[in-house]
$ cat run-v4.cif   # mmCIF, C-alpha atoms (C1' of nucleotides)
data_work
loop_
_atom_site.label_atom_id
_atom_site.label_comp_id
_atom_site.auth_asym_id
_atom_site.auth_seq_id
_atom_site.Cartn_x
_atom_site.Cartn_y
_atom_site.Cartn_z
CA MET A 9 101.31 107.96 98.10
CA ASN A 10 99.61 106.08 95.28
CA ILE A 11 96.55 106.69 93.17
CA SER A 12 94.31 103.65 93.55
CA ALA A 13 92.48 101.81 90.81
CA ARG A 14 89.23 102.85 92.48
CA THR A 15 90.08 106.53 92.06
CA ASP A 16 91.33 106.06 88.53
CA TYR A 17 88.24 104.12 87.48
CA ALA A 18 85.86 106.53 89.20
CA ILE A 19 87.32 109.53 87.42
CA ARG A 20 87.34 107.83 84.04
CA ALA A 21 83.71 106.82 84.40
CA LEU A 22 82.76 110.33 85.50
CA LEU A 23 84.59 111.82 82.54
CA THR A 24 82.48 109.68 80.24
CA LEU A 25 79.37 110.86 82.05
CA ALA A 26 80.55 114.45 81.69
CA SER A 27 80.95 113.90 78.01
CA ALA A 28 77.43 112.48 77.80
CA GLN A 29 76.10 115.43 79.76
CA CYS A 30 77.30 117.75 77.02
CA ALA A 31 75.83 115.62 74.25
CA GLY A 32 72.30 114.77 75.35
CA SER A 33 70.88 113.78 78.67
CA GLN A 34 69.87 110.17 78.89
CA PRO A 35 71.51 108.20 81.65
CA VAL A 36 74.42 105.94 80.74
CA SER A 37 74.48 102.34 81.98
CA ALA A 38 77.32 100.84 84.00
CA GLU A 39 77.80 98.35 81.21
CA SER A 40 78.29 101.10 78.68
CA LEU A 41 80.68 103.00 80.95
CA ALA A 42 82.72 99.86 81.53
CA ALA A 43 82.89 99.20 77.82
CA THR A 44 83.97 102.65 76.66
CA GLN A 45 86.71 102.98 79.26
CA GLN A 46 87.57 99.29 79.45
CA LEU A 47 86.89 98.87 83.15
CA PRO A 48 85.89 95.70 85.03
CA LYS A 49 82.10 95.92 85.06
CA LYS A 50 81.21 94.57 88.48
CA PHE A 51 83.97 96.50 90.19
CA LEU A 52 82.82 99.67 88.48
CA GLU A 53 79.26 99.03 89.62
CA ALA A 54 80.41 99.05 93.24
CA ILE A 55 82.29 102.30 92.70
CA LEU A 56 79.27 103.91 91.07
CA VAL A 57 77.15 103.07 94.11
CA ASP A 58 79.68 104.94 96.24
CA LEU A 59 79.60 107.92 93.91
CA LYS A 60 75.83 107.88 94.12
CA ARG A 61 75.94 107.82 97.93
CA GLY A 62 78.49 110.61 97.81
CA GLY A 63 76.06 112.67 95.78
CA LEU A 64 78.18 113.05 92.68
CA VAL A 65 75.90 111.11 90.36
CA ASN A 66 72.21 110.45 89.98
CA SER A 67 70.98 107.04 89.03
CA ARG A 68 67.85 105.64 87.48
CA ARG A 69 66.93 102.01 87.73
CA GLY A 70 65.17 99.87 85.23
CA SER A 71 65.03 99.91 81.50
CA ALA A 72 66.68 102.93 79.92
CA GLY A 73 68.19 103.59 83.34
CA GLY A 74 71.79 104.38 84.20
CA TYR A 75 73.90 107.14 85.67
CA SER A 76 74.26 110.85 85.08
CA LEU A 77 76.25 113.62 86.75
CA ALA A 78 74.46 115.26 89.67
CA ALA A 79 76.09 118.63 88.90
CA PRO A 80 77.70 120.43 85.97
CA ALA A 81 81.06 118.92 85.05
CA GLU A 82 82.68 122.29 85.74
CA GLN A 83 81.63 122.05 89.37
CA ILE A 84 82.86 118.57 90.24
CA THR A 85 86.48 118.52 91.36
CA LEU A 86 88.78 115.53 91.32
CA GLY A 87 89.31 116.08 95.02
CA ALA A 88 85.65 115.40 95.70
CA VAL A 89 85.91 112.15 93.79
CA VAL A 90 89.05 111.00 95.60
CA ARG A 91 87.55 111.70 99.03
CA ILE A 92 84.45 109.68 98.23
CA VAL A 93 86.16 106.60 96.85
CA ASP A 94 89.38 106.64 98.87
CA GLY A 95 88.76 108.75 101.95
CA PRO A 96 90.64 111.79 103.28
CA LEU A 97 93.66 113.10 101.38
CA ALA A 98 96.96 112.77 103.21
CA GLU A 99 96.45 110.67 106.30
CA VAL A 100 99.44 109.69 108.43
CA ARG A 101 99.04 106.20 109.86
CA GLY A 102 95.31 106.62 109.47
CA VAL A 103 95.21 109.96 111.30
CA ARG A 104 94.59 113.43 109.85
CA PRO A 105 97.93 115.18 109.35
CA GLN A 106 97.17 118.03 111.75
CA ASN A 107 96.26 115.56 114.49
CA ALA A 108 99.38 113.45 114.32
CA GLU A 109 101.33 113.84 117.53
CA TYR A 110 105.07 114.01 117.71
CA VAL A 111 107.69 114.46 120.38
CA GLY A 112 111.29 115.63 120.47
CA ASP A 113 113.12 115.99 117.21
CA ALA A 114 109.99 115.24 115.17
CA GLU A 115 108.20 118.23 116.66
CA HIS A 116 107.85 120.14 113.40
CA LEU A 117 106.78 117.22 111.25
CA PRO A 118 103.07 118.17 111.22
CA VAL A 119 103.95 121.32 109.31
CA VAL A 120 105.36 119.16 106.53
CA TRP A 121 102.36 116.85 106.41
CA VAL A 122 99.93 119.75 106.35
CA ALA A 123 101.92 121.43 103.59
CA LEU A 124 101.91 118.16 101.67
CA ARG A 125 98.14 117.89 101.96
CA ALA A 126 97.80 121.51 100.89
CA SER A 127 99.85 120.79 97.80
CA LEU A 128 97.63 117.86 96.91
CA ARG A 129 94.59 120.05 97.39
CA SER A 130 96.09 122.72 95.16
CA VAL A 131 95.83 120.26 92.32
CA LEU A 132 92.89 118.01 93.12
CA ASP A 133 90.54 120.69 94.41
CA GLU A 134 91.26 123.03 91.52
CA VAL A 135 90.81 120.64 88.64
CA THR A 136 87.25 119.84 87.56
CA LEU A 137 85.91 117.08 85.34
CA GLY A 138 85.13 119.72 82.75
CA ALA A 139 88.70 120.98 82.73
CA VAL A 140 90.09 117.48 82.20
CA LEU A 141 87.60 116.83 79.44
CA ARG A 142 88.59 119.98 77.59
CA GLY A 143 92.27 119.48 78.35
CA ASP A 144 92.23 122.99 79.75
CA MET A 145 93.85 122.92 83.19
CA PRO A 146 94.10 125.85 85.59
CA ALA A 147 97.27 127.88 85.05
CA HIS A 148 98.81 126.66 88.29
CA VAL A 149 98.35 123.02 87.35
CA ARG A 150 99.61 123.54 83.83
CA ALA A 151 102.72 125.17 85.25
CA LEU A 152 103.38 122.14 87.43
CA ALA A 153 103.02 119.75 84.50
CA GLN A 154 105.30 121.87 82.34
CA GLN A 155 108.22 121.95 84.75
CA PRO A 156 111.43 120.71 83.12
CA ASP A 157 111.56 117.23 84.62
CA ALA A 158 107.90 116.80 85.49
CA TRP A 159 107.50 113.91 83.04
CA ARG A 160 110.66 112.14 84.13
CA ASN A 161 111.15 109.65 86.91
CA ARG A 162 113.24 110.46 89.96
CA MET B 10 97.22 109.00 98.97
CA ASN B 11 98.36 108.15 102.49
CA ILE B 12 101.61 108.47 104.36
CA SER B 13 102.55 105.02 105.61
CA ALA B 14 103.81 104.09 109.04
CA ARG B 15 107.05 102.99 107.41
CA THR B 16 107.65 106.48 106.03
CA ASP B 17 106.65 108.15 109.26
CA TYR B 18 108.89 105.93 111.34
CA ALA B 19 111.83 106.25 108.94
CA ILE B 20 111.73 110.03 109.03
CA ARG B 21 111.42 110.19 112.80
CA ALA B 22 114.38 107.87 113.26
CA LEU B 23 116.42 109.88 110.78
CA LEU B 24 115.55 113.10 112.57
CA THR B 25 116.93 111.62 115.75
CA LEU B 26 120.09 110.63 113.91
CA ALA B 27 120.33 114.14 112.47
CA SER B 28 120.10 115.51 115.96
CA ALA B 29 122.86 113.18 117.11
CA GLN B 30 125.00 114.20 114.15
CA CYS B 31 124.99 117.77 115.41
CA ALA B 32 125.83 116.78 118.94
CA GLY B 33 128.69 114.31 118.63
CA SER B 34 129.31 111.44 116.29
CA GLN B 35 128.93 108.05 117.85
CA PRO B 36 126.43 105.78 116.16
CA VAL B 37 122.99 105.40 117.73
CA SER B 38 121.54 101.93 118.24
CA ALA B 39 118.16 100.85 116.88
CA GLU B 40 117.06 100.24 120.44
CA SER B 41 117.85 103.81 121.40
CA LEU B 42 116.10 105.21 118.31
CA ALA B 43 113.02 103.14 119.04
CA ALA B 44 112.96 104.34 122.62
CA THR B 45 113.34 108.06 121.98
CA GLN B 46 110.67 108.15 119.28
CA GLN B 47 108.52 105.37 120.71
CA LEU B 48 108.65 103.12 117.67
CA PRO B 49 108.25 99.32 117.54
CA LYS B 50 111.83 98.10 117.75
CA LYS B 51 111.83 95.14 115.40
CA PHE B 52 109.82 96.95 112.77
CA LEU B 53 112.20 99.88 112.95
CA GLU B 54 115.16 97.53 112.55
CA ALA B 55 113.76 96.36 109.23
CA ILE B 56 113.27 99.92 108.07
CA LEU B 57 116.80 100.86 109.06
CA VAL B 58 118.18 98.03 106.94
CA ASP B 59 116.32 99.51 103.96
CA LEU B 60 117.70 102.95 104.69
CA LYS B 61 121.16 101.45 104.87
CA ARG B 62 120.68 99.73 101.50
CA GLY B 63 119.36 102.98 100.11
CA GLY B 64 122.55 104.69 101.19
CA LEU B 65 121.01 107.17 103.59
CA VAL B 66 122.63 105.80 106.72
CA ASN B 67 125.83 104.08 107.69
CA SER B 68 125.82 101.29 110.21
CA ARG B 69 128.33 99.70 112.49
CA ARG B 70 127.83 96.32 114.07
CA GLY B 71 128.93 95.11 117.43
CA SER B 72 129.45 96.82 120.71
CA ALA B 73 129.19 100.60 120.53
CA GLY B 74 127.67 100.09 117.07
CA GLY B 75 124.55 101.62 115.63
CA TYR B 76 123.46 103.98 112.88
CA SER B 77 124.53 107.40 111.67
CA LEU B 78 123.55 109.61 108.75
CA ALA B 79 125.54 108.98 105.58
CA ALA B 80 125.32 112.65 104.60
CA PRO B 81 124.76 116.03 106.24
CA ALA B 82 121.17 116.45 107.43
CA GLU B 83 120.84 119.46 105.14
CA GLN B 84 121.40 117.24 102.12
CA ILE B 85 118.91 114.47 102.84
CA THR B 86 115.43 115.23 101.53
CA LEU B 87 112.22 113.66 102.71
CA GLY B 88 111.57 112.62 99.13
CA ALA B 89 114.66 110.43 99.17
CA VAL B 90 113.40 108.74 102.31
CA VAL B 91 109.92 108.13 100.94
CA ARG B 92 111.25 106.61 97.72
CA ILE B 93 113.44 104.20 99.64
CA VAL B 94 110.86 102.95 102.09
CA ASP B 95 107.70 103.24 100.00
CA GLY B 96 108.78 103.35 96.37
CA PRO B 97 108.02 105.88 93.64
CA LEU B 98 105.87 108.90 94.44
CA ALA B 99 102.52 109.01 92.68
CA GLU B 100 101.96 105.71 90.92
CA VAL B 101 98.65 105.04 89.21
CA ARG B 102 97.60 101.41 89.58
CA GLY B 103 101.27 100.57 90.07
CA VAL B 104 102.41 102.41 86.94
CA ARG B 105 104.39 105.66 86.69
CA PRO B 106 101.98 108.54 86.04
CA GLN B 107 103.49 109.49 82.70
CA ASN B 108 103.21 105.90 81.48
CA ALA B 109 99.54 105.39 82.30
CA GLU B 110 97.59 104.96 79.10
CA TYR B 111 94.16 106.40 78.53
CA VAL B 112 91.67 106.51 75.72
CA GLY B 113 88.76 108.72 74.77
CA ASP B 114 87.48 111.17 77.33
CA ALA B 115 90.28 110.35 79.77
CA GLU B 116 92.90 111.43 77.25
CA HIS B 117 94.22 114.35 79.31
CA LEU B 118 94.34 112.57 82.63
CA PRO B 119 98.12 111.99 82.57
CA VAL B 120 98.63 115.75 82.74
CA VAL B 121 96.80 115.76 86.06
CA TRP B 122 98.74 112.85 87.50
CA VAL B 123 102.05 114.35 86.46
CA ALA B 124 101.07 117.69 87.98
CA LEU B 125 100.05 115.90 91.14
CA ARG B 126 103.42 114.19 91.35
CA ALA B 127 105.15 117.48 90.70
CA SER B 128 103.28 119.04 93.57
CA LEU B 129 104.35 116.25 95.89
CA ARG B 130 107.92 116.71 94.77
CA SER B 131 107.72 120.43 95.37
CA VAL B 132 107.31 119.64 99.05
CA LEU B 133 109.15 116.36 99.61
CA ASP B 134 112.18 117.10 97.47
CA GLU B 135 112.65 120.58 98.90
CA VAL B 136 112.45 119.77 102.58
CA THR B 137 115.55 118.32 104.22
CA LEU B 138 115.98 116.60 107.56
CA GLY B 139 117.91 119.62 108.75
CA ALA B 140 115.07 121.97 107.86
CA VAL B 141 112.56 119.87 109.79
CA LEU B 142 114.88 119.68 112.76
CA ARG B 143 115.29 123.44 112.88
CA GLY B 144 111.62 124.04 112.10
CA ASP B 145 112.80 126.23 109.27
CA MET B 146 110.96 125.21 106.12
CA PRO B 147 111.58 126.60 102.63
CA ALA B 148 109.43 129.65 101.89
CA HIS B 149 107.26 127.76 99.44
CA VAL B 150 106.44 125.04 101.97
CA ARG B 151 105.79 127.52 104.73
CA ALA B 152 103.37 129.35 102.45
CA LEU B 153 101.45 126.13 101.84
CA ALA B 154 101.17 125.39 105.56
CA GLN B 155 100.04 128.92 106.28
CA GLN B 156 97.14 128.95 103.84
CA PRO B 157 93.87 129.87 105.55
CA ASP B 158 92.34 126.39 105.79
CA ALA B 159 95.49 124.32 105.56
CA TRP B 160 95.03 122.93 109.07
CA ARG B 161 91.35 122.15 108.62
CA ASN B 162 89.73 119.05 107.25
CA ARG B 163 87.84 119.11 104.00
"C1'" DG C 3 135.66 84.75 123.99
"C1'" DC C 4 131.96 87.74 125.57
"C1'" DG C 5 128.62 91.04 125.25
"C1'" DT C 6 126.57 94.09 122.05
"C1'" DT C 7 124.38 95.19 117.99
"C1'" DT C 8 123.42 94.77 113.05
"C1'" DC C 9 121.26 92.01 109.75
"C1'" DC C 10 118.93 88.01 107.57
"C1'" DT C 11 114.94 84.85 107.17
"C1'" DA C 12 110.73 83.52 108.32
"C1'" DT C 13 106.34 84.15 109.89
"C1'" DC C 14 102.15 86.41 111.42
"C1'" DA C 15 97.41 88.46 111.74
"C1'" DA C 16 94.78 91.96 109.94
"C1'" DT C 17 93.51 94.83 106.53
"C1'" DT C 18 93.04 96.47 102.07
"C1'" DC C 19 92.66 95.91 97.18
"C1'" DG C 20 90.89 94.54 93.03
"C1'" DA C 21 87.45 91.78 91.37
"C1'" DT C 22 83.41 88.55 90.75
"C1'" DA C 23 78.78 86.01 91.62
"C1'" DG C 24 74.04 85.84 92.39
"C1'" DG C 25 70.10 87.67 92.99
"C1'" DA C 26 66.63 91.18 94.78
"C1'" DC C 27 64.42 95.27 93.53
"C1'" DT C 28 62.85 99.09 89.90
"C1'" DT C 29 61.41 100.85 85.82
"C1'" DA C 30 60.09 101.65 80.84
"C1'" DT C 31 57.94 99.56 77.17
"C1'" DC C 32 55.11 96.61 74.58
"C1'" DG D 22 51.24 92.41 83.36
"C1'" DA D 23 55.01 90.10 81.40
"C1'" DT D 24 59.50 91.14 79.97
"C1'" DA D 25 63.86 92.99 79.33
"C1'" DA D 26 67.13 96.17 81.04
"C1'" DG D 27 68.97 98.35 84.73
"C1'" DT D 28 70.52 99.48 89.55
"C1'" DC D 29 71.82 97.90 93.91
"C1'" DC D 30 72.63 94.75 97.89
"C1'" DT D 31 75.26 91.00 100.09
"C1'" DA D 32 78.62 87.84 100.07
"C1'" DT D 33 82.81 86.11 98.81
"C1'" DC D 34 87.41 85.60 96.85
"C1'" DG D 35 92.45 85.49 96.22
"C1'" DA D 36 96.26 88.19 96.37
"C1'" DA D 37 98.89 91.72 97.89
"C1'" DT D 38 100.11 94.95 101.36
"C1'" DT D 39 100.72 96.56 105.95
"C1'" DG D 40 102.39 96.62 110.43
"C1'" DA D 41 104.73 93.84 113.41
"C1'" DT D 42 107.41 89.96 115.88
"C1'" DA D 43 110.74 85.90 116.64
"C1'" DG D 44 115.02 83.66 116.36
"C1'" DG D 45 119.32 83.39 115.24
"C1'" DA D 46 123.57 84.17 112.26
"C1'" DA D 47 127.21 87.32 111.52
"C1'" DA D 48 130.20 91.16 112.81
"C1'" DC D 49 132.57 94.04 116.03
"C1'" DG D 50 134.97 96.13 120.20
"C1'" DC D 51 137.13 95.06 124.17
#

$ encode --input "run-v4.cif" --output "structure tokens"
Amino acid sequence: MNISARTDYAIRALLTLASAQCAGSQPVSAESLAATQQLPKKFLEAILVDLKRGGLVNSRRGSAGGYSLAAPAEQITLGAVVRIVDGPLAEVRGVRPQNAEYVGDAEHLPVVWVALRASLRSVLDEVTLGAVLRGDMPAHVRALAQQPDAWRNR
Amino acid sequence: MNISARTDYAIRALLTLASAQCAGSQPVSAESLAATQQLPKKFLEAILVDLKRGGLVNSRRGSAGGYSLAAPAEQITLGAVVRIVDGPLAEVRGVRPQNAEYVGDAEHLPVVWVALRASLRSVLDEVTLGAVLRGDMPAHVRALAQQPDAWRNR
DNA sequence: GCGTTTCCTATCAATTCGATAGGACTTATC
DNA sequence: GATAAGTCCTATCGAATTGATAGGAAACGC
């Protein structure tokens, strides 16, 4: 149930690209992305290749090359990013939650796993890069983050 | 963002214990738990020791020994189980979501991570072993699982 | 004391995770 | 067309995690 470094780095790099998209439109190099968000350069490069394959960014090689968002920042959700760099959302022992098979007293467990995945989706698939950049989350997400003990450990 | 085998196994074993709690009250052996839910015995043993340390189950050694729930099934949440066997809910690179530090364009990212954790809690901390056993989830969880595409992949 | 069962320690192979190295290929620019 | 700046491919790396097993010490009921 953890958020991996890959996901974290991917999103931070994409946020920088989103910011650049607003400003002008020349591609940003991996080196520059790594520098502004303080990410390990070579590791980030590998992640960017995945994002490219996943269709979230465009790339241009050579001098004055680099990366740019393949779509408006308002249309790229965090869920899309997570799925590309980390795979499907809430797998159980490597199997999709609705396909996990249970017997006896565990019969109703799939309902829980599916609900859990749905709750992840309700955040990740509703929040876009643009929203994070502006600090303007959907009402539903803001409500979650404003719950009394949301910022406390349990 | 995956549910580990440890978590899955722990919950299934606890569900069996919950079922036994209703019936009578003699402890159930690890061997028996492994058999009824088809879990690897030695691996399960290790998990049960963690659950014991975490205070979720009582154990009795020796002949006619075994495990039993330390509290009513209606009072043990899945969240408590997950935290014991897998640690804190939505850590980012091993750090609590509210403690992750970001600069520049990623400034508002903690809000997302905290909301994400809150959404996990809204399922895991609201569902008890008893509820799963009866197949009677809280309204909020049932609503999530009944969403149009909840059972489909994305 | 005998069988049963928890519980502790150690170990294991496989996989994943985070990260780096080196170099091949592409491209703009002079 | 050389050159510098990039992407991108392949390989590798150590460390941690994951899922799992083995063997035996300790406790317990009878």

$ residues_around --input "run-v4.cif" --residues "D:DC29" --least-positions-apart "4" --cutoff "12 Å" --atoms "all atoms listed in the file" --output "compact mmCIF listing (two decimals) with C-alpha atoms (C1' of nucleotides), in the frame of the given file"
# COMPACT_ATOMS: atom_id res chain seq x y z
CA ALA A 38 77.32 100.84 84.00
CA LYS A 50 81.21 94.57 88.48
CA GLU A 53 79.26 99.03 89.62
CA ALA A 54 80.41 99.05 93.24
CA ILE A 55 82.29 102.30 92.70
CA LEU A 56 79.27 103.91 91.07
CA VAL A 57 77.15 103.07 94.11
CA ASP A 58 79.68 104.94 96.24
CA LYS A 60 75.83 107.88 94.12
CA ARG A 61 75.94 107.82 97.93
CA SER A 67 70.98 107.04 89.03
CA ARG A 68 67.85 105.64 87.48
CA ARG A 69 66.93 102.01 87.73
CA GLY A 70 65.17 99.87 85.23
CA GLY A 74 71.79 104.38 84.20
C1' DG C 25 70.10 87.67 92.99
C1' DA C 26 66.63 91.18 94.78
C1' DC C 27 64.42 95.27 93.53
C1' DT C 28 62.85 99.09 89.90

$ interface_residues --input "run-v4.cif" --of "chain D" --to "chain A" --cutoff "8 Å" --atoms "all atoms listed in the file" --output "PyMOL selection string"
chain D and resi 25-29

$ resolve_selection --input "run-v4.cif" --expression "the PyMOL selection byres ((chain B and resi 141-143) around 8)" --output "PyMOL selection string"
(chain A and resi 113-117+120) or (chain B and resi 24+27-28+136-140+144-146)

$ resolve_selection --input "run-v4.cif" --expression "the PyMOL selection byres ((chain C and resi 15) around 12)" --output "mmCIF file with C-alpha atoms (C1' of nucleotides), in the coordinates of the input"
data_model
loop_
_atom_site.group_PDB
_atom_site.id
_atom_site.type_symbol
_atom_site.label_atom_id
_atom_site.label_comp_id
_atom_site.auth_asym_id
_atom_site.auth_seq_id
_atom_site.Cartn_x
_atom_site.Cartn_y
_atom_site.Cartn_z
ATOM 1 C "C1'" DT C 13 106.340 84.150 109.890
ATOM 2 C "C1'" DC C 14 102.150 86.410 111.420
ATOM 3 C "C1'" DA C 16 94.780 91.960 109.940
ATOM 4 C "C1'" DT C 17 93.510 94.830 106.530
ATOM 5 C "C1'" DT D 39 100.720 96.560 105.950
ATOM 6 C "C1'" DG D 40 102.390 96.620 110.430
ATOM 7 C "C1'" DA D 41 104.730 93.840 113.410
ATOM 8 C "C1'" DT D 42 107.410 89.960 115.880
#

$ resolve_selection --input "run-v4.cif" --expression "the PyMOL selection byres ((chain A) within 8 of (chain B))" --output "PyMOL selection string"
chain A and resi 9-13+16+20+23-24+27+44-45+96-102+104+106+111-117+119-120+122-128+131-132+140-141+143+149-150+152-153+158-162

$ closest_atom_pairs --input "run-v4.cif" --of "chain C" --to "chain A" --cutoff "9 Å" --atoms "all atoms listed in the file" --output "CSV"
residue,atom,partner,partner_atom,distance
C:DC19,C1',A:Ala13,CA,8.7
C:DG20,C1',A:Phe51,CA,7.7
C:DA21,C1',A:Phe51,CA,6.0
C:DT22,C1',A:Lys50,CA,6.8
C:DT28,C1',A:Gly70,CA,5.3
C:DT29,C1',A:Gly70,CA,3.9
C:DA30,C1',A:Ser71,CA,5.3
C:DT31,C1',A:Ser71,CA,8.3

$ calpha_fit_and_write --input "run-v4.cif" --fixed "chain B" --moving "chain A" --output "compact mmCIF listing (two decimals) with C-alpha atoms, in the coordinates of the input"
# COMPACT_ATOMS: atom_id res chain seq x y z
CA MET A 9 97.22 109.00 98.99
CA ASN A 10 98.37 108.13 102.50
CA ILE A 11 101.62 108.47 104.37
CA SER A 12 102.56 105.01 105.62
CA ALA A 13 103.83 104.09 109.05
CA ARG A 14 107.07 102.99 107.39
CA THR A 15 107.66 106.48 106.01
CA ASP A 16 106.66 108.16 109.24
CA TYR A 17 108.91 105.93 111.34
CA ALA A 18 111.83 106.24 108.93
CA ILE A 19 111.74 110.02 109.02
CA ARG A 20 111.41 110.18 112.78
CA ALA A 21 114.37 107.87 113.25
CA LEU A 22 116.43 109.88 110.77
CA LEU A 23 115.55 113.10 112.55
CA THR A 24 116.93 111.63 115.76
CA LEU A 25 120.08 110.64 113.90
CA ALA A 26 120.33 114.15 112.48
CA SER A 27 120.10 115.52 115.96
CA ALA A 28 122.86 113.18 117.11
CA GLN A 29 124.99 114.20 114.15
CA CYS A 30 124.97 117.77 115.42
CA ALA A 31 125.81 116.75 118.98
CA GLY A 32 128.67 114.28 118.71
CA SER A 33 129.32 111.45 116.34
CA GLN A 34 128.92 108.04 117.88
CA PRO A 35 126.43 105.79 116.17
CA VAL A 36 122.99 105.43 117.74
CA SER A 37 121.51 101.96 118.27
CA ALA A 38 118.15 100.86 116.90
CA GLU A 39 117.05 100.27 120.46
CA SER A 40 117.83 103.84 121.41
CA LEU A 41 116.10 105.22 118.32
CA ALA A 42 113.01 103.15 119.04
CA ALA A 43 112.95 104.36 122.62
CA THR A 44 113.32 108.08 121.98
CA GLN A 45 110.66 108.17 119.28
CA GLN A 46 108.50 105.40 120.71
CA LEU A 47 108.64 103.13 117.68
CA PRO A 48 108.24 99.34 117.54
CA LYS A 49 111.83 98.12 117.76
CA LYS A 50 111.85 95.15 115.42
CA PHE A 51 109.84 96.95 112.78
CA LEU A 52 112.22 99.88 112.96
CA GLU A 53 115.18 97.54 112.56
CA ALA A 54 113.79 96.34 109.24
CA ILE A 55 113.28 99.91 108.07
CA LEU A 56 116.81 100.86 109.06
CA VAL A 57 118.19 98.02 106.94
CA ASP A 58 116.34 99.50 103.98
CA LEU A 59 117.71 102.95 104.70
CA LYS A 60 121.17 101.45 104.87
CA ARG A 61 120.70 99.71 101.51
CA GLY A 62 119.36 102.97 100.12
CA GLY A 63 122.55 104.68 101.21
CA LEU A 64 121.01 107.16 103.59
CA VAL A 65 122.63 105.81 106.73
CA ASN A 66 125.84 104.10 107.71
CA SER A 67 125.82 101.31 110.21
CA ARG A 68 128.36 99.73 112.50
CA ARG A 69 127.86 96.33 114.01
CA GLY A 70 128.94 95.08 117.36
CA SER A 71 129.43 96.75 120.66
CA ALA A 72 129.14 100.53 120.54
CA GLY A 73 127.67 100.06 117.07
CA GLY A 74 124.55 101.63 115.62
CA TYR A 75 123.46 103.98 112.87
CA SER A 76 124.54 107.39 111.68
CA LEU A 77 123.55 109.61 108.76
CA ALA A 78 125.54 108.97 105.59
CA ALA A 79 125.33 112.65 104.60
CA PRO A 80 124.76 116.03 106.23
CA ALA A 81 121.18 116.45 107.43
CA GLU A 82 120.84 119.47 105.14
CA GLN A 83 121.40 117.24 102.13
CA ILE A 84 118.91 114.47 102.82
CA THR A 85 115.43 115.24 101.52
CA LEU A 86 112.22 113.66 102.71
CA GLY A 87 111.59 112.63 99.13
CA ALA A 88 114.67 110.43 99.17
CA VAL A 89 113.42 108.75 102.31
CA VAL A 90 109.92 108.14 100.94
CA ARG A 91 111.25 106.60 97.72
CA ILE A 92 113.46 104.19 99.63
CA VAL A 93 110.88 102.94 102.09
CA ASP A 94 107.73 103.23 99.99
CA GLY A 95 108.79 103.32 96.36
CA PRO A 96 108.03 105.88 93.63
CA LEU A 97 105.89 108.91 94.45
CA ALA A 98 102.54 109.01 92.67
CA GLU A 99 101.97 105.72 90.93
CA VAL A 100 98.64 105.04 89.22
CA ARG A 101 97.61 101.41 89.57
CA GLY A 102 101.25 100.57 90.06
CA VAL A 103 102.40 102.42 86.93
CA ARG A 104 104.37 105.67 86.70
CA PRO A 105 101.96 108.54 86.05
CA GLN A 106 103.48 109.49 82.70
CA ASN A 107 103.18 105.91 81.47
CA ALA A 108 99.53 105.41 82.30
CA GLU A 109 97.57 104.98 79.10
CA TYR A 110 94.15 106.40 78.52
CA VAL A 111 91.64 106.51 75.71
CA GLY A 112 88.73 108.74 74.77
CA ASP A 113 87.46 111.17 77.33
CA ALA A 114 90.27 110.35 79.76
CA GLU A 115 92.89 111.45 77.25
CA HIS A 116 94.21 114.35 79.31
CA LEU A 117 94.33 112.56 82.63
CA PRO A 118 98.12 112.00 82.57
CA VAL A 119 98.62 115.75 82.75
CA VAL A 120 96.78 115.77 86.07
CA TRP A 121 98.73 112.85 87.49
CA VAL A 122 102.05 114.35 86.45
CA ALA A 123 101.07 117.69 87.96
CA LEU A 124 100.06 115.90 91.14
CA ARG A 125 103.43 114.17 91.35
CA ALA A 126 105.16 117.48 90.69
CA SER A 127 103.28 119.04 93.57
CA LEU A 128 104.35 116.25 95.89
CA ARG A 129 107.92 116.71 94.75
CA SER A 130 107.71 120.44 95.37
CA VAL A 131 107.32 119.63 99.03
CA LEU A 132 109.15 116.36 99.61
CA ASP A 133 112.18 117.10 97.47
CA GLU A 134 112.63 120.58 98.90
CA VAL A 135 112.44 119.78 102.58
CA THR A 136 115.55 118.32 104.22
CA LEU A 137 115.99 116.59 107.56
CA GLY A 138 117.91 119.63 108.73
CA ALA A 139 115.06 121.96 107.86
CA VAL A 140 112.55 119.86 109.79
CA LEU A 141 114.87 119.68 112.75
CA ARG A 142 115.27 123.44 112.88
CA GLY A 143 111.61 124.03 112.09
CA ASP A 144 112.80 126.24 109.26
CA MET A 145 110.96 125.21 106.10
CA PRO A 146 111.57 126.60 102.62
CA ALA A 147 109.43 129.65 101.89
CA HIS A 148 107.26 127.75 99.43
CA VAL A 149 106.44 125.05 101.96
CA ARG A 150 105.79 127.52 104.73
CA ALA A 151 103.37 129.34 102.45
CA LEU A 152 101.45 126.13 101.83
CA ALA A 153 101.18 125.38 105.54
CA GLN A 154 100.04 128.92 106.29
CA GLN A 155 97.14 128.96 103.85
CA PRO A 156 93.87 129.86 105.56
CA ASP A 157 92.34 126.39 105.80
CA ALA A 158 95.50 124.32 105.56
CA TRP A 159 95.04 122.93 109.08
CA ARG A 160 91.36 122.15 108.63
CA ASN A 161 89.75 119.04 107.25
CA ARG A 162 87.83 119.08 103.99

$ residues_near_point --input "run-v4.cif" --point "(118.4, 88.0, 114.0)" --cutoff "10 Å" --atoms "all atoms listed in the file" --output "VMD selection string"
(chain B and resid 51) or (chain C and resid 8 to 11) or (chain D and resid 43 to 47)

$ atom_distance --input "run-v4.cif" --atom1 "atom CA of A:Pro156" --atom2 "atom CA of A:Val89"
29.0 Å

$ residues_around --input "run-v4.cif" --residues "A:Ala78" --least-positions-apart "2" --cutoff "6 Å" --atoms "all atoms listed in the file" --output "NGL selection string"
:A and (64-66)
